[in-house]
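Chemist: Following this message is one structure expressed as structure tokens.
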Protein chains: 2
Amino acid sequence: MARMNPDLRRESIVAATLAVMQRQGIAATTVRDVATELGTSSGLIHHYVTSMDELITEAFERAATEDLERAAAAVSGGSDPIDRLRRFFESYTRADDDSGMQLWLDAWAEAARRPALQQASRRLNEAWQRLLCNLIKDGCAQGVMRSEDPEGTAWRLLSLLDGLTLQCVAHGDTVTREQVMLWSHRAAEMELGLPQGTLA
Amino acid sequence: MARMNPDLRRESIVAATLAVMQRQGIAATTVRDVATELGTSSGLIHHYVTSMDELITEAFERAATEDLERAAAAVSGGSDPIDRLRRFFESYTRADDDSGMQLWLDAWAEAARRPALQQASRRLNEAWQRLLCNLIKDGCAQGVMRSEDPEGTAWRLLSLLDGLTLQCVAHGDTVTREQVMLWSHRAAEMELGLPQGTLA
DNA sequence: GGAATTATTGGACAGGTGCGCAATAGTGAT
DNA sequence: ATCACTATTGCGCACCTGTCCAATAATTCC
């Protein structure tokens, strides 16, 4: 393989790791698979990374951070709090792609056994909650939403979304994507004192 | 190891597998670990079981089925629908033990890659939903609960519980057990038209 | 140009994996 | 007491795992 700028090489290794993780799952991702994905030797991976655990954590962190930033960007483009909330739900339930949620399922399951991964997973989950929570606080300040406990409201809406989406991704069709959308919209309307159908 | 009745031996193998799974996680459960747990040789396991996948699926199915039956028994001991619903929540959030939920996290993550496990996980998830759904229908028929869509209500309450409990188990304390209890109670009261505090 | 640096290779290492199989040792029937 | 039966053993097989390291090749600096 052609010699490459160290920073770019590191990038490409993380990207390849992520691709393998999404295809095979976190637990089944090996150094050799990453090397093959990249078209290089396995020794090269360890020249840039001290352990497999570190690499996996970094790849997960990268993917989850990008998803979060994409959502934050979509939200901040909204014209008002209601519109921003609508955009939040849209970017959370990306109908075209299960692999993002599958990665989260893997991370939650592995968290108990991989401290570094747990830390990353926890930090990013809290960041999602904060994004939603700030959005709600804004809506309350502007008088278009009502919530006695924005922190709790954010956790409840996020957990409902997680629980419902989980059913879609893990089991196929116990719950449909349309139901996830409809039900989480209605829950948000109830929680925030919005007229039914506001988010539809 | 002493010779044993084949049926009992099979039982003991599944039980040992479950113990290892709860300690180390589904993905990290090996034939040799099960044999050691049991105090026998690894060859014996394969004399009763054709593949490791089959064994793991069977052990998960066993554990989840027992949990479900325990919950069903607790529920059916309730004096009226409200009491039964209270018992449902109590048996779902067993504060003393994370290992049950950890097993579900593992199962949901592995489901996409292990068809047999997916089938079991899905079937048992649906059975939990049915237990709750029947409880709600009963309550509606007796006029003490209100729900336009018991099926959907059951999925929403279950998913909220899953999403919240997931945070407890995977991340430690992003959400506390008290919050899981309080918030799921309140959600049920809202969904079913019960006065606030009915389930406390 | 030559020299120093370092990205990259490919294989060695110790250990772990599921599975299969001949040999052994209990058990119950005759 | 001898038989057929089978539960149980313990090891062998081929393969996979993360990690390490000497050798090689490409690059940069002087």
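Convention: chains lettered A, B, ... in structure tokens order; per-chain residue numbering from 1; ligands numbered from 1 as shown.
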Counting only C-alpha atoms (C1' of nucleotides), which residues in chain A sit no more than 10 Å from chain D? For each one, give the nearest pair of atoms and the distance in Å, sorted by chain then residue number, as a Markdown table.

Modeler:
```
| residue | atom | partner | partner_atom | distance |
| --- | --- | --- | --- | --- |
| A:Ala2 | CA | D:DA26 | C1' | 8.4 |
| A:Arg3 | CA | D:DA26 | C1' | 6.7 |
| A:Met4 | CA | D:DA26 | C1' | 9.9 |
| A:Thr30 | CA | D:DT17 | C1' | 7.8 |
| A:Val31 | CA | D:DG18 | C1' | 7.7 |
| A:Arg32 | CA | D:DT17 | C1' | 9.5 |
| A:Gly43 | CA | D:DC20 | C1' | 8.9 |
| A:His46 | CA | D:DT19 | C1' | 8.1 |
| A:Thr50 | CA | D:DT19 | C1' | 9.2 |
| A:Ser51 | CA | D:DG18 | C1' | 8.0 |
| A:Met52 | CA | D:DG18 | C1' | 7.4 |
```

Chemist: Write the residues of the preceding selection, restricted to C-alpha atoms, as a PDB file, in the first residue's frame.

Modeler:
```pdb
ATOM      1  CA  ALA A   2       1.210   3.456  -0.825  1.00  0.00           C
ATOM      2  CA  ARG A   3       2.766   5.428   1.964  1.00  0.00           C
ATOM      3  CA  MET A   4       0.321   7.915   3.386  1.00  0.00           C
ATOM      4  CA  THR A  30     -11.144  -7.897  14.268  1.00  0.00           C
ATOM      5  CA  VAL A  31      -7.836  -6.301  13.372  1.00  0.00           C
ATOM      6  CA  ARG A  32      -7.495  -8.477  10.294  1.00  0.00           C
ATOM      7  CA  GLY A  43       0.591  -4.756  11.476  1.00  0.00           C
ATOM      8  CA  HIS A  46      -1.134  -1.369  15.548  1.00  0.00           C
ATOM      9  CA  THR A  50      -2.291   0.792  20.812  1.00  0.00           C
ATOM     10  CA  SER A  51      -5.206  -1.604  21.276  1.00  0.00           C
ATOM     11  CA  MET A  52      -8.262  -2.925  19.517  1.00  0.00           C
TER      12      MET A  52
END
```

Chemist: Tell me, counting only C-alpha atoms (C1' of nucleotides), for each residue of chain A within 12 Å of chain C, which pair of atoms is nearest and how far apart they are in Å to one decimal, in rows ordered by chain and increasing number, as a tab-separated table.

Modeler:
```
residue	atom	partner	partner_atom	distance
A:Met1	CA	C:DT8	C1'	7.3
A:Ala2	CA	C:DT8	C1'	8.4
A:Arg3	CA	C:DA7	C1'	5.8
A:Met4	CA	C:DA7	C1'	7.3
A:Asn5	CA	C:DA7	C1'	8.7
A:Pro6	CA	C:DA7	C1'	8.1
A:Asp7	CA	C:DA7	C1'	11.9
A:Arg9	CA	C:DA7	C1'	9.8
A:Arg10	CA	C:DA7	C1'	11.8
A:Ala35	CA	C:DT9	C1'	12.0
A:Gly39	CA	C:DT8	C1'	11.8
A:Thr40	CA	C:DT8	C1'	8.3
A:Ser41	CA	C:DT9	C1'	6.5
A:Ser42	CA	C:DG10	C1'	8.8
A:Gly43	CA	C:DT9	C1'	7.4
A:Leu44	CA	C:DT8	C1'	6.4
A:Ile45	CA	C:DT8	C1'	10.1
A:His46	CA	C:DT8	C1'	11.3
A:His47	CA	C:DA7	C1'	8.8
A:Tyr48	CA	C:DA7	C1'	10.2
```

Chemist: Report, in Å to a single decimal, how far apart atom CA of Leu161 of chain A and atom CA of Glu66 of chain B are.

Modeler: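 For atom CA of Glu66 of chain B relative to atom CA of Leu161 of chain A, the distance reads 27.6 Å.
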
Chemist: Point out the residue among A:Arg177, A:Arg23, A:Arg70, A:Arg146 with the least atom-to-atom distance to chain B, counting only C-alpha atoms.

Modeler: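 Ranked by minimum distance to chain B, first place goes to A:Arg23.
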
Chemist: I need the contact residues of chain A against chain B, so if you could list those with any atom within 9 Å, counting only C-alpha atoms, and return them as a ChimeraX atom specification, that would help.

Modeler: /A:24-25,27-28,102-113,118-119,121-122,125-126,152,155-167,169-172,174-175,179,183-184

Chemist: Of the candidates B:Arg94, B:Arg62, B:Arg114, B:Arg84, which shows the shortest atom-to-atom distance to Leu199 of chain B, using only C-alpha atoms?

Modeler: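 The closest residue to Leu199 of chain B is B:Arg84.
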
Chemist: Just to confirm, what's the straight-line distance from atom CA of Thr36 of chain B to atom CA of Ser12 of chain B in Å (one decimal)?

Modeler: 12.5 Å

Chemist: Would you list, as a list of chain:residue names, the residues of segment 3-39 of chain A that end up in alpha helix (DSSP H) under DSSP run on this structure's backbone?

Modeler: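 Selecting the alpha helix (DSSP H) positions of segment 3-39 of chain A gives A:Pro6, A:Asp7, A:Leu8, A:Arg9, A:Arg10, A:Glu11, A:Ser12, A:Ile13, A:Val14, A:Ala15, A:Ala16, A:Thr17, A:Leu18, A:Ala19, A:Val20, A:Met21, A:Gln22, A:Arg23, A:Gln24, A:Val31, A:Arg32, A:Asp33, A:Val34, A:Ala35, A:Thr36, A:Glu37, A:Leu38.
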
Chemist: What gap, in Å, lies between atom CA of Leu132 of chain B and atom CA of Ala154 of chain B?

Modeler: 5.8 Å

Chemist: Looking at only C-alpha atoms, which of A:Glu37, A:Glu11, A:Asp83, A:Asp98 is the one that sits closest to Ala59 of chain A?

Modeler: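 Going through A:Glu37, A:Glu11, A:Asp83, A:Asp98 one by one, the smallest distance to Ala59 of chain A is for A:Glu11.
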
Chemist: For Leu135 of chain A, work out the shell of residues within 8 Å, counting only C-alpha atoms (C1' of nucleotides) and skipping chain neighbours fewer than 2 positions away, then give it as a list in words.

Modeler: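 Contacts, in chain order: Pro81, Arg84, Leu85, Leu131, Leu132, Cys133, Lys137, Asp138 and Gly139 of chain A.
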
Chemist: From the list B:Thr93, B:Ser147, B:Gln142, B:Ser99, which residue is nearest Leu182 of chain B when using only C-alpha atoms?

Modeler: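 Closest to Leu182 of chain B, using only C-alpha atoms: B:Thr93.
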
Chemist: Nearest residue to Leu55 of chain B out of B:Ala73, B:Leu38, B:Ala19, B:Ile13, using only C-alpha atoms?

Modeler: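 For Leu55 of chain B, the nearest of the candidates is B:Ile13.
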